[in-house]
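**Student:** Contents are mmCIF, C-alpha atoms; file name my_file_21.cif:
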```cif
data_upload
loop_
_atom_site.label_atom_id
_atom_site.label_comp_id
_atom_site.auth_asym_id
_atom_site.auth_seq_id
_atom_site.Cartn_x
_atom_site.Cartn_y
_atom_site.Cartn_z
CA MET P 1 156.61 98.81 117.90
CA SER P 2 155.78 100.53 114.68
CA ILE P 3 156.19 103.68 112.67
CA LEU P 4 153.79 104.04 109.74
CA GLN P 5 154.86 105.55 106.44
CA VAL P 6 151.89 106.20 104.12
CA SER P 7 152.62 106.90 100.46
CA THR P 8 149.52 109.03 99.91
CA SER P 9 147.36 111.42 101.87
CA SER P 10 144.19 110.23 100.14
CA LEU P 11 143.20 107.70 102.81
CA SER P 12 140.18 108.70 104.87
CA SER P 13 140.07 108.13 108.62
CA SER P 14 137.25 105.64 108.20
CA THR P 15 139.30 103.62 105.74
CA LEU P 16 142.25 103.55 108.12
CA LEU P 17 140.02 102.29 110.93
CA SER P 18 138.64 99.37 109.00
CA PHE P 19 141.06 98.12 106.34
CA SER P 20 141.97 94.46 105.89
CA PRO P 21 145.47 94.70 104.38
CA ARG P 22 147.42 92.25 102.26
CA ILE P 23 150.79 91.97 103.93
CA SER P 24 154.28 91.15 102.66
CA LEU P 25 157.31 90.90 104.89
CA SER P 26 161.02 91.56 104.55
CA SER P 27 163.47 91.11 107.42
CA PRO P 28 166.70 93.06 107.57
CA LYS P 29 168.98 92.39 110.51
CA SER P 30 167.83 95.22 112.76
CA SER P 31 164.19 95.54 111.81
CA ARG P 32 161.29 94.07 109.92
CA ILE P 33 159.35 95.92 107.21
CA ILE P 34 155.69 95.21 106.52
CA ARG P 35 154.09 96.52 103.31
CA CYS P 36 150.29 96.63 103.21
CA SER P 37 148.21 97.18 100.08
CA VAL P 38 145.04 99.14 100.90
CA GLU P 39 142.74 99.86 97.96
CA GLY P 40 145.71 100.41 95.68
CA THR P 41 147.67 102.43 98.21
CA THR P 42 150.85 101.14 99.80
CA VAL P 43 151.25 101.51 103.55
CA THR P 44 154.69 100.63 104.90
CA GLU P 45 155.05 99.73 108.55
CA ARG P 46 158.56 99.36 109.95
CA LYS P 47 158.87 97.05 112.94
CA VAL P 48 161.85 98.41 114.81
CA SER P 49 164.00 96.47 117.20
CA ALA P 50 162.78 95.33 120.62
CA THR P 51 164.84 98.07 122.28
CA THR P 52 162.22 100.62 121.18
CA GLU P 53 160.05 101.81 124.05
CA PRO P 54 156.69 100.00 124.12
CA LEU P 55 153.74 101.64 122.37
CA LEU P 56 151.80 102.03 125.62
CA LEU P 57 154.53 104.10 127.23
CA ARG P 58 154.93 106.28 124.17
CA ALA P 59 151.21 106.93 124.00
CA VAL P 60 151.04 107.93 127.68
CA LYS P 61 153.84 110.45 127.10
CA GLY P 62 151.88 112.02 124.27
CA GLU P 63 154.23 110.93 121.50
CA VAL P 64 152.77 110.52 118.03
CA VAL P 65 151.63 106.92 117.63
CA ASP P 66 149.84 105.20 114.76
CA ARG P 67 147.16 103.52 116.89
CA PRO P 68 146.03 103.36 120.50
CA PRO P 69 147.76 100.72 122.63
CA VAL P 70 145.34 98.10 123.93
CA TRP P 71 145.14 95.72 126.86
CA LEU P 72 142.24 94.51 128.99
CA MET P 73 141.77 94.57 132.73
CA ARG P 74 141.65 91.02 134.13
CA GLN P 75 142.84 89.77 130.75
CA ALA P 76 144.70 86.92 132.48
CA GLY P 77 142.33 84.28 133.77
CA ARG P 78 138.54 84.10 134.14
CA TYR P 79 137.52 83.51 130.51
CA MET P 80 140.50 81.60 129.05
CA LYS P 81 140.28 77.82 128.74
CA SER P 82 144.01 77.53 129.41
CA TYR P 83 143.52 79.31 132.73
CA GLN P 84 140.54 77.17 133.70
CA THR P 85 142.59 74.05 133.00
CA LEU P 86 145.36 75.33 135.23
CA CYS P 87 142.81 76.09 137.97
CA GLU P 88 141.80 72.44 138.02
CA LYS P 89 145.36 71.54 138.95
CA TYR P 90 145.85 74.48 141.33
CA PRO P 91 142.39 75.27 142.79
CA SER P 92 143.60 77.81 145.35
CA PHE P 93 143.85 81.37 144.04
CA ARG P 94 146.63 82.13 146.48
CA ASP P 95 148.57 79.10 145.30
CA ARG P 96 148.32 80.42 141.76
CA SER P 97 149.13 84.04 142.59
CA GLU P 98 151.94 83.45 145.09
CA ASN P 99 154.11 81.16 142.99
CA ALA P 100 156.44 82.90 140.54
CA ASP P 101 156.27 80.09 137.98
CA LEU P 102 152.47 80.13 137.93
CA VAL P 103 152.28 83.93 137.99
CA VAL P 104 154.48 84.14 134.91
CA GLU P 105 152.60 81.36 133.12
CA ILE P 106 149.19 82.93 133.77
CA SER P 107 150.34 86.46 132.99
CA LEU P 108 151.66 85.27 129.63
CA GLN P 109 148.58 83.26 128.61
CA PRO P 110 146.81 86.24 126.95
CA TRP P 111 150.12 87.60 125.66
CA LYS P 112 150.82 84.42 123.73
CA VAL P 113 147.35 84.39 122.16
CA PHE P 114 146.39 88.05 121.65
CA LYS P 115 149.65 90.06 121.90
CA PRO P 116 148.19 92.95 123.96
CA ASP P 117 150.26 96.11 124.37
CA GLY P 118 150.22 95.69 128.14
CA VAL P 119 151.08 92.48 130.01
CA ILE P 120 149.82 92.81 133.56
CA LEU P 121 151.12 90.87 136.53
CA PHE P 122 148.74 88.13 137.68
CA SER P 123 148.18 88.95 141.34
CA ASP P 124 145.64 90.54 143.67
CA ILE P 125 145.49 93.88 145.44
CA LEU P 126 145.23 92.01 148.77
CA THR P 127 148.50 90.12 148.25
CA PRO P 128 150.46 92.42 150.62
CA LEU P 129 148.09 91.84 153.56
CA SER P 130 149.84 88.79 155.00
CA GLY P 131 153.08 90.73 155.10
CA MET P 132 151.30 93.45 157.06
CA ASN P 133 150.08 91.06 159.75
CA ILE P 134 146.55 90.94 158.35
CA PRO P 135 145.59 87.26 157.83
CA PHE P 136 143.31 86.68 154.85
CA ASP P 137 142.28 84.21 152.20
CA ILE P 138 140.51 84.30 148.84
CA VAL P 139 137.87 81.58 148.71
CA LYS P 140 136.25 80.40 145.49
CA GLY P 141 132.64 81.47 145.40
CA LYS P 142 133.05 83.84 148.35
CA GLY P 143 135.91 86.12 147.47
CA PRO P 144 138.33 87.65 149.98
CA ILE P 145 137.94 86.93 153.69
CA ILE P 146 139.76 88.94 156.36
CA PHE P 147 139.96 86.77 159.45
CA ASN P 148 140.36 89.45 162.14
CA PRO P 149 139.09 92.81 160.87
CA PRO P 150 140.67 95.62 162.90
CA GLN P 151 138.16 97.59 164.92
CA SER P 152 140.22 99.81 167.21
CA ALA P 153 143.37 101.88 167.44
CA ALA P 154 145.07 98.96 169.20
CA ASP P 155 144.20 96.68 166.27
CA VAL P 156 145.62 99.17 163.78
CA ASP P 157 148.81 99.36 165.83
CA GLN P 158 149.34 95.66 165.08
CA VAL P 159 149.41 96.31 161.31
CA ARG P 160 153.03 96.18 160.15
CA GLU P 161 154.72 98.17 157.43
CA PHE P 162 155.01 96.13 154.25
CA ILE P 163 158.47 94.95 153.16
CA PRO P 164 157.93 93.35 149.72
CA GLU P 165 161.40 91.81 149.45
CA GLU P 166 160.62 89.73 152.52
CA SER P 167 156.89 89.11 152.09
CA VAL P 168 156.32 88.77 148.34
CA PRO P 169 159.66 87.94 146.66
CA TYR P 170 157.73 85.96 144.04
CA VAL P 171 156.25 89.23 142.74
CA GLY P 172 159.68 90.67 142.05
CA GLU P 173 160.86 87.42 140.48
CA ALA P 174 157.77 87.19 138.25
CA LEU P 175 158.13 90.78 137.03
CA LYS P 176 161.79 90.26 136.13
CA ARG P 177 160.92 87.15 134.14
CA LEU P 178 157.99 88.85 132.43
CA ARG P 179 160.25 91.65 131.24
CA ASN P 180 162.61 89.08 129.74
CA GLU P 181 159.77 87.15 128.10
CA VAL P 182 157.95 90.15 126.65
CA ASN P 183 161.22 91.82 125.64
CA ASN P 184 159.79 95.34 125.26
CA GLU P 185 157.24 94.23 122.66
CA ALA P 186 154.66 95.33 125.23
CA ALA P 187 154.74 97.19 128.52
CA VAL P 188 154.86 95.06 131.66
CA LEU P 189 152.31 96.40 134.13
CA GLY P 190 152.25 96.08 137.88
CA PHE P 191 149.43 97.12 140.18
CA VAL P 192 148.51 97.90 143.76
CA GLY P 193 145.40 98.66 145.77
CA ALA P 194 144.75 102.20 146.94
CA PRO P 195 144.68 102.88 150.68
CA PHE P 196 140.93 103.46 150.98
CA THR P 197 140.02 100.37 148.95
CA LEU P 198 142.44 98.19 150.91
CA SER P 199 141.07 99.60 154.15
CA SER P 200 137.54 98.88 152.96
CA TYR P 201 138.29 95.20 152.43
CA VAL P 202 140.10 94.96 155.74
CA ILE P 203 137.50 96.77 157.87
CA GLU P 204 134.52 95.12 156.18
CA GLY P 205 136.12 91.70 156.48
CA GLY P 206 135.91 91.15 152.74
CA SER P 207 133.71 92.42 149.92
CA SER P 208 130.76 94.63 150.81
CA LYS P 209 127.58 96.04 149.33
CA ASN P 210 126.87 98.83 151.78
CA PHE P 211 130.29 99.61 153.31
CA THR P 212 128.68 100.08 156.69
CA GLN P 213 131.69 99.12 158.78
CA ILE P 214 134.26 101.39 157.19
CA LYS P 215 131.84 104.31 157.11
CA ARG P 216 131.02 103.75 160.76
CA LEU P 217 134.74 103.89 161.51
CA ALA P 218 135.28 106.90 159.24
CA PHE P 219 132.50 108.94 160.78
CA SER P 220 132.83 107.87 164.42
CA GLN P 221 136.58 107.23 164.82
CA PRO P 222 138.26 109.04 161.91
CA LYS P 223 141.68 109.06 163.60
CA VAL P 224 141.70 105.26 163.65
CA LEU P 225 140.88 105.06 159.96
CA HIS P 226 143.45 107.73 159.10
CA ALA P 227 146.10 105.73 160.94
CA LEU P 228 145.26 102.64 158.88
CA LEU P 229 145.15 104.66 155.65
CA GLN P 230 148.60 106.05 156.37
CA LYS P 231 150.04 102.59 156.95
CA PHE P 232 148.65 101.42 153.63
CA THR P 233 149.94 104.58 151.93
CA THR P 234 153.49 104.10 153.17
CA SER P 235 153.38 100.43 152.26
CA MET P 236 151.99 101.00 148.75
CA ILE P 237 154.68 103.57 148.02
CA THR P 238 157.24 100.92 148.89
CA TYR P 239 155.37 98.28 146.88
CA ILE P 240 155.14 100.42 143.73
CA ARG P 241 158.84 101.21 143.91
CA TYR P 242 159.61 97.52 144.39
CA GLN P 243 157.52 96.56 141.35
CA ALA P 244 159.18 99.23 139.24
CA ASP P 245 162.65 98.16 140.33
CA SER P 246 161.74 94.57 139.50
CA GLY P 247 160.65 95.34 135.95
CA ALA P 248 157.20 96.95 135.92
CA GLN P 249 157.13 99.71 133.32
CA ALA P 250 153.85 101.20 134.53
CA VAL P 251 151.73 100.60 137.63
CA GLN P 252 147.96 100.79 137.94
CA ILE P 253 146.43 101.86 141.26
CA PHE P 254 143.01 100.39 141.94
CA ASP P 255 140.79 102.54 144.15
CA SER P 256 137.68 100.58 143.27
CA TRP P 257 135.69 101.45 146.38
CA ALA P 258 136.61 105.13 146.70
CA THR P 259 133.53 105.97 144.65
CA GLU P 260 131.40 104.78 147.57
CA LEU P 261 132.46 108.03 149.21
CA SER P 262 130.76 111.38 148.75
CA PRO P 263 133.00 114.04 147.16
CA VAL P 264 133.69 115.68 150.53
CA ASP P 265 134.60 112.34 152.11
CA PHE P 266 136.72 111.36 149.10
CA GLU P 267 138.72 114.52 149.71
CA GLU P 268 139.37 113.45 153.28
CA PHE P 269 139.79 109.69 153.14
CA SER P 270 141.16 108.98 149.65
CA LEU P 271 142.52 111.96 147.74
CA PRO P 272 145.28 113.01 150.19
CA TYR P 273 146.67 109.49 150.33
CA LEU P 274 146.61 109.03 146.56
CA LYS P 275 148.42 112.35 146.19
CA GLN P 276 150.99 111.24 148.74
CA ILE P 277 151.62 108.00 146.82
CA VAL P 278 152.03 109.78 143.49
CA GLU P 279 154.32 112.48 144.88
CA ALA P 280 156.56 109.98 146.69
CA VAL P 281 156.85 107.60 143.73
CA LYS P 282 157.58 110.45 141.33
CA GLN P 283 160.46 111.56 143.56
CA THR P 284 162.27 108.26 143.04
CA HIS P 285 160.74 107.07 139.74
CA PRO P 286 159.80 110.24 137.82
CA ASN P 287 159.32 108.42 134.52
CA LEU P 288 157.10 105.62 135.82
CA PRO P 289 153.55 106.07 134.46
CA LEU P 290 150.89 105.71 137.16
CA ILE P 291 147.35 104.76 136.15
CA LEU P 292 144.38 105.28 138.48
CA TYR P 293 141.17 103.30 138.19
CA ALA P 294 138.02 103.71 140.27
CA SER P 295 134.83 101.92 139.34
CA GLY P 296 131.82 104.22 139.00
CA SER P 297 133.99 107.33 139.03
CA GLY P 298 131.79 109.66 136.97
CA GLY P 299 131.13 111.92 139.94
CA LEU P 300 134.79 112.17 140.92
CA LEU P 301 136.68 112.52 137.62
CA GLU P 302 138.09 115.97 138.25
CA ARG P 303 139.21 114.89 141.71
CA LEU P 304 140.93 111.80 140.30
CA ALA P 305 142.94 114.04 137.99
CA ARG P 306 144.05 116.10 141.01
CA THR P 307 145.95 113.10 142.36
CA GLY P 308 148.73 113.79 139.84
CA VAL P 309 148.57 110.40 138.11
CA ASP P 310 149.58 110.14 134.46
CA VAL P 311 146.48 108.22 133.35
CA VAL P 312 142.88 108.14 134.56
CA SER P 313 141.08 104.93 133.61
CA LEU P 314 137.41 105.59 132.87
CA ASP P 315 134.67 103.08 133.53
CA TRP P 316 131.97 102.59 130.90
CA THR P 317 129.35 104.78 132.63
CA VAL P 318 131.24 107.88 131.50
CA ASP P 319 131.06 108.96 127.87
CA MET P 320 134.65 108.99 126.63
CA ALA P 321 134.34 112.37 124.89
CA GLU P 322 132.78 113.96 127.98
CA GLY P 323 135.40 112.35 130.20
CA ARG P 324 138.21 113.82 128.09
CA ASP P 325 136.63 117.26 128.24
CA ARG P 326 136.30 117.07 132.01
CA LEU P 327 139.82 115.78 132.61
CA GLY P 328 141.59 118.01 130.10
CA ARG P 329 143.93 116.97 127.32
CA ASN P 330 147.08 117.07 129.44
CA ILE P 331 146.22 113.81 131.16
CA ALA P 332 146.07 110.44 129.41
CA VAL P 333 142.93 108.32 129.56
CA GLN P 334 142.32 104.59 129.53
CA GLY P 335 139.18 102.68 128.62
CA ASN P 336 136.33 102.47 128.40
CA VAL P 337 134.35 99.84 126.50
CA ASP P 338 131.62 98.16 128.55
CA PRO P 339 132.81 94.60 129.33
CA GLY P 340 129.32 93.41 128.41
CA VAL P 341 129.97 94.48 124.82
CA LEU P 342 132.18 91.39 124.48
CA PHE P 343 129.03 89.27 124.69
CA GLY P 344 127.68 91.00 121.58
CA SER P 345 128.15 90.27 117.89
CA LYS P 346 131.49 90.91 116.24
CA GLU P 347 129.94 93.78 114.29
CA PHE P 348 128.71 95.34 117.54
CA ILE P 349 132.10 94.93 119.20
CA THR P 350 133.78 96.57 116.21
CA SER P 351 131.36 99.50 116.29
CA ARG P 352 131.92 100.17 120.00
CA ILE P 353 135.70 100.03 119.64
CA HIS P 354 135.65 102.56 116.82
CA ASP P 355 133.25 104.81 118.74
CA THR P 356 135.51 104.81 121.80
CA VAL P 357 138.67 105.50 119.79
CA LYS P 358 136.99 108.31 117.85
CA LYS P 359 135.79 109.99 121.04
CA ALA P 360 139.15 109.59 122.78
CA GLY P 361 141.08 111.14 119.92
CA ARG P 362 144.57 110.21 118.83
CA ASP P 363 146.51 111.61 121.79
CA LYS P 364 147.19 109.92 125.12
CA HIS P 365 144.65 107.11 124.93
CA ILE P 366 145.00 103.49 126.03
CA LEU P 367 142.14 101.37 124.72
CA ASN P 368 140.73 99.09 127.41
CA LEU P 369 137.50 97.97 128.99
CA GLY P 370 135.75 100.09 131.60
CA HIS P 371 136.12 97.22 134.07
CA GLY P 372 137.56 93.71 134.12
CA ILE P 373 136.52 90.97 131.72
CA LYS P 374 133.42 89.11 132.88
CA VAL P 375 133.40 85.39 133.62
CA GLY P 376 132.04 83.51 130.64
CA THR P 377 133.11 86.03 128.02
CA PRO P 378 133.57 84.16 124.70
CA GLU P 379 137.27 83.82 124.05
CA GLU P 380 136.75 84.30 120.32
CA ASN P 381 135.17 87.69 121.04
CA VAL P 382 138.22 88.73 123.01
CA ALA P 383 140.32 87.70 120.03
CA HIS P 384 138.11 89.83 117.79
CA PHE P 385 138.45 92.80 120.15
CA PHE P 386 142.24 92.67 119.89
CA GLU P 387 142.20 92.05 116.15
CA VAL P 388 140.05 95.13 115.51
CA ALA P 389 141.95 97.28 118.00
CA GLN P 390 145.35 96.36 116.60
CA GLY P 391 144.14 97.01 113.04
CA ILE P 392 143.18 100.62 113.78
CA ARG P 393 145.27 103.36 112.24
CA TYR P 394 144.78 107.01 113.11
#
```
Take the structure from the file and write it as structure tokens.

**Tutor:**
Amino acid sequence: MSILQVSTSSLSSSTLLSFSPRISLSSPKSSRIIRCSVEGTTVTERKVSATTEPLLLRAVKGEVVDRPPVWLMRQAGRYMKSYQTLCEKYPSFRDRSENADLVVEISLQPWKVFKPDGVILFSDILTPLSGMNIPFDIVKGKGPIIFNPPQSAADVDQVREFIPEESVPYVGEALKRLRNEVNNEAAVLGFVGAPFTLSSYVIEGGSSKNFTQIKRLAFSQPKVLHALLQKFTTSMITYIRYQADSGAQAVQIFDSWATELSPVDFEEFSLPYLKQIVEAVKQTHPNLPLILYASGSGGLLERLARTGVDVVSLDWTVDMAEGRDRLGRNIAVQGNVDPGVLFGSKEFITSRIHDTVKKAGRDKHILNLGHGIKVGTPEENVAHFFEVAQGIRY
């Protein structure tokens, strides 16, 4: 991680956002010093030892940092040729995501190429389901399939509490190895699904467009849904703690489908359970940053902040400056470049990155996309995204 020392105050913010420095290196035993010449001005960047806390964690805490940390949702897989090659050998998603060796290999693929500031575990939010007595599979071309969607109180009674040490030991093993591999040069990220989103997949039997089944349950048998939501809440508290104890330095909670709820229904079927997760995790892991992401969350931003999470991840339909105003400056934000921007020209990508960073300001911002990387995204454009992002200086 880096601390910038600038020998003059004459640099403009626009210059700092766009310079292409000439770099010389020196390497003392405990650190490495980089000197950059920028239009006749010397900028010295000291690379301190790997024991320094990762940039992402420092930014979330509101410490003064020289640039926003950057990683991309779904950065492992999908668009990388190395991942596609591995998929030919291991065509089953569950085979790839439930084997510690493969999880580590896939998680590190973007790290080795782009050096993001966050290295996220390669997994799926549905991974805990088998350990909760909910049989499922993830089928190429179809997505997740829940084989016996619960429909009654008796069905929900059959859902077991999740014990990660027994059900997903490969997750803990992978996180430990990722911490060793990354060696604090980036933050290792874990993630879980939020109770309402997990319940949506389970009740709908997989992905859904209209969410008819879960809304039918919510509005006709709310006690049954609340019982399922509570089981997922208790289990995700355990799962987050397990990931943190195994090496995750921050955990992102995906409540992707909560935005299918009206505000009043969000306050009944999602918000209380998210609050419960945050409060319980903070009791045992007070310094673990929790990030909350919900796709299409423009109508619920203020309610997302009420969960108590450290970071709200904005999707691209919310203007970053407006999102910051609505959330307040005490909470960190993540995002929120449209993933489709990565199909544009390099000049266009650069412009959108700078626009997002300018609107976010220099405090408590993690640069990211507003959703996961799209299939078919040019790998060279992802490389350009990281190159521009990592070259920014406040």

**Student:** Check which residues satisfy the PyMOL selection byres ((chain P and resi 285) around 12) in the file shown, then give them as a ChimeraX atom specification.

**Tutor:** /P:237-238,240-245,248-251,277-284,286-290

**Student:** Could you check which of P:Asn184, P:Thr350, P:Thr127, P:Asn368 is closest to P:Asp315, using all atoms listed in the file?

**Tutor:** P:Asn368

**Student:** Determine the residue membership of the PyMOL selection byres ((chain P and resi 160-163) around 10) for the file above and supply it as a ChimeraX atom specification.

**Tutor:** /P:128-134,156-159,164-169,231-239,242

**Student:** Please return the centre and edge lengths, in Å to one decimal, of a box with edges along x, y and z that contains all listed atoms of stretch 157-172 of chain P, widened by 3 Å on every side, as lines of an AutoDock Vina configuration file.

**Tutor:**
```
center_x = 155.1
center_y = 92.7
center_z = 153.9
size_x = 18.6
size_y = 19.4
size_z = 29.8
```

**Student:** I'd like the contact shell of stretch 211-221 of chain P - 12 Å cut-off, only C-alpha atoms, skipping same-chain residues fewer than 6 positions apart - returned as a PyMOL selection string.

**Tutor:** chain P and resi 149-153+196-205+227-229+257-262+265-266+268-270

**Student:** Could you please take those selected residues and save C-alpha atoms as a compact mmCIF listing (two decimals), in the frame of the given file?

**Tutor:**
```txt
# COMPACT_ATOMS: atom_id res chain seq x y z
CA PRO P 149 139.09 92.81 160.87
CA PRO P 150 140.67 95.62 162.90
CA GLN P 151 138.16 97.59 164.92
CA SER P 152 140.22 99.81 167.21
CA ALA P 153 143.37 101.88 167.44
CA PHE P 196 140.93 103.46 150.98
CA THR P 197 140.02 100.37 148.95
CA LEU P 198 142.44 98.19 150.91
CA SER P 199 141.07 99.60 154.15
CA SER P 200 137.54 98.88 152.96
CA TYR P 201 138.29 95.20 152.43
CA VAL P 202 140.10 94.96 155.74
CA ILE P 203 137.50 96.77 157.87
CA GLU P 204 134.52 95.12 156.18
CA GLY P 205 136.12 91.70 156.48
CA ALA P 227 146.10 105.73 160.94
CA LEU P 228 145.26 102.64 158.88
CA LEU P 229 145.15 104.66 155.65
CA TRP P 257 135.69 101.45 146.38
CA ALA P 258 136.61 105.13 146.70
CA THR P 259 133.53 105.97 144.65
CA GLU P 260 131.40 104.78 147.57
CA LEU P 261 132.46 108.03 149.21
CA SER P 262 130.76 111.38 148.75
CA ASP P 265 134.60 112.34 152.11
CA PHE P 266 136.72 111.36 149.10
CA GLU P 268 139.37 113.45 153.28
CA PHE P 269 139.79 109.69 153.14
CA SER P 270 141.16 108.98 149.65
```

**Student:** Starting from the shown file, work through the PyMOL selection byres ((chain P and resi 138) around 10) and note down what comes out as number ranges by chain.

**Tutor:** P: 92-94, 124, 126-127, 136-137, 139-146, 206

**Student:** One decimal, in Å: what's the spacing between atom CA of P:Arg352 and atom CA of P:Val318?

**Tutor:** 13.9 Å

**Student:** Up to 9 Å from (146.3, 82.6, 132.5) in the file's coordinates: name the residues, counting all atoms listed in the file, as a VMD selection string.

**Tutor:** chain P and resid 75 to 78 80 to 84 86 102 to 110 122

**Student:** Counting all atoms listed in the file, which residue out of P:Arg303, P:His384, P:Lys275, P:Arg362 sits closest to P:Pro263?

**Tutor:**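 Comparing P:Arg303, P:His384, P:Lys275, P:Arg362 against P:Pro263, the winner is P:Arg303.
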
**Student:** In Å, how far is it from atom CA of P:Lys364 to atom CA of P:Ala59?

**Tutor:**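 Atom CA of P:Ala59 lies 5.1 Å from atom CA of P:Lys364.
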
**Student:** In Å, with one decimal, what is the gap from atom CA of P:Ile125 to atom CA of P:Gly190?

**Tutor:** 10.4 Å
